[in-house]
Amino acid sequence: MTREQKRAKSAYERIIQHCTKDKDWREQYGGMAHKLPVLVRQAGLAQALAFVESRGQEAHRALLEDLAGTVGLSKAELLRKSREANLSEYLFLTREVLAAAQWYKRFSQSVLDVEAGAGQ
């Protein structure tokens, strides 16, 4: 199994668990999943993750936990590493998060049926 297949499998398994949540929750989760790759590219990984965490929404915390699990970390580890990593580790972590975030974006659209701009 390739790394992309592993990311896709992990994201799918995590996101499918949220199908039973109410529409508002799914829209908050999916809306942020759509925004996250752009936030990371514009503001940087640490700032983007801190922004999502600061929103205080249960759905946003769930997205961070799911994303962290896909990259093989706990949410706390992901947040800490994004703040404390040296440059090469930070760049690697950014690439990993962006690759995983793309799957969350895709599956939010296809599995949760959430379009871009939802949950605002």
# chains A, B, ... in the order shown; residues from 1 in each chain; ligands from 1
$ residues_around --residues "stretch 53-64 of chain A" --least-positions-apart "6" --cutoff "6 Å" --atoms "only C-alpha atoms" --output "number ranges by chain"
A: 25, 28-29
$ closest_atom_pairs --of "stretch 36-64 of chain A" --to "stretch 85-97 of chain A" --cutoff "10 Å" --atoms "only C-alpha atoms" --output "tab-separated table"
residue	atom	partner	partner_atom	distance
A:Leu36	CA	A:Val97	CA	9.5
A:Pro37	CA	A:Val97	CA	8.4
A:Val40	CA	A:Thr94	CA	7.8
A:Arg41	CA	A:Thr94	CA	9.0
A:Gly44	CA	A:Thr94	CA	8.0
A:Leu45	CA	A:Thr94	CA	5.9
A:Ala46	CA	A:Thr94	CA	8.9
$ write_last_selection --atoms "C-alpha atoms" --output "PDB file, in the first residue's frame"
ATOM      1  CA  LEU A  36      -7.413  24.018   5.985  1.00  0.00           C
ATOM      2  CA  PRO A  37      -5.102  23.434   2.985  1.00  0.00           C
ATOM      3  CA  VAL A  40      -1.679  26.169   5.808  1.00  0.00           C
ATOM      4  CA  ARG A  41      -0.346  27.533   2.518  1.00  0.00           C
ATOM      5  CA  GLY A  44       1.939  28.395   7.703  1.00  0.00           C
ATOM      6  CA  LEU A  45       1.283  25.168   9.555  1.00  0.00           C
ATOM      7  CA  ALA A  46       1.593  26.372  13.155  1.00  0.00           C
TER       8      ALA A  46
END
$ closest_residue --among "A:Ala101, A:Ser108, A:Gly30, A:Leu49" --to "A:Lys81" --atoms "only C-alpha atoms"
A:Leu49
$ closest_residue --among "A:Leu73, A:Leu79, A:Met1, A:Ala68" --to "A:Ala50" --atoms "only C-alpha atoms"
A:Leu79
$ atom_distance --atom1 "atom CA of A:Cys19" --atom2 "atom CA of A:Gly69"
18.3 Å
$ decode --residues "stretch 67-80 of chain A" --atoms "C-alpha atoms" --output "PDB file, in the first residue's frame"
ATOM      1  CA  LEU A  67      -5.859  14.839  10.902  1.00  0.00           C
ATOM      2  CA  ALA A  68      -3.269  14.223  13.632  1.00  0.00           C
ATOM      3  CA  GLY A  69      -4.161  10.533  13.677  1.00  0.00           C
ATOM      4  CA  THR A  70      -3.698  10.301   9.929  1.00  0.00           C
ATOM      5  CA  VAL A  71      -0.177  11.741  10.201  1.00  0.00           C
ATOM      6  CA  GLY A  72       0.558   9.387  13.108  1.00  0.00           C
ATOM      7  CA  LEU A  73       0.425  11.817  16.027  1.00  0.00           C
ATOM      8  CA  SER A  74      -1.953  12.843  18.765  1.00  0.00           C
ATOM      9  CA  LYS A  75      -3.570  16.268  18.463  1.00  0.00           C
ATOM     10  CA  ALA A  76      -1.368  17.603  21.267  1.00  0.00           C
ATOM     11  CA  GLU A  77       1.780  16.235  19.588  1.00  0.00           C
ATOM     12  CA  LEU A  78       0.801  17.738  16.238  1.00  0.00           C
ATOM     13  CA  LEU A  79       0.211  21.159  17.771  1.00  0.00           C
ATOM     14  CA  ARG A  80       3.442  20.984  19.791  1.00  0.00           C
TER      15      ARG A  80
END
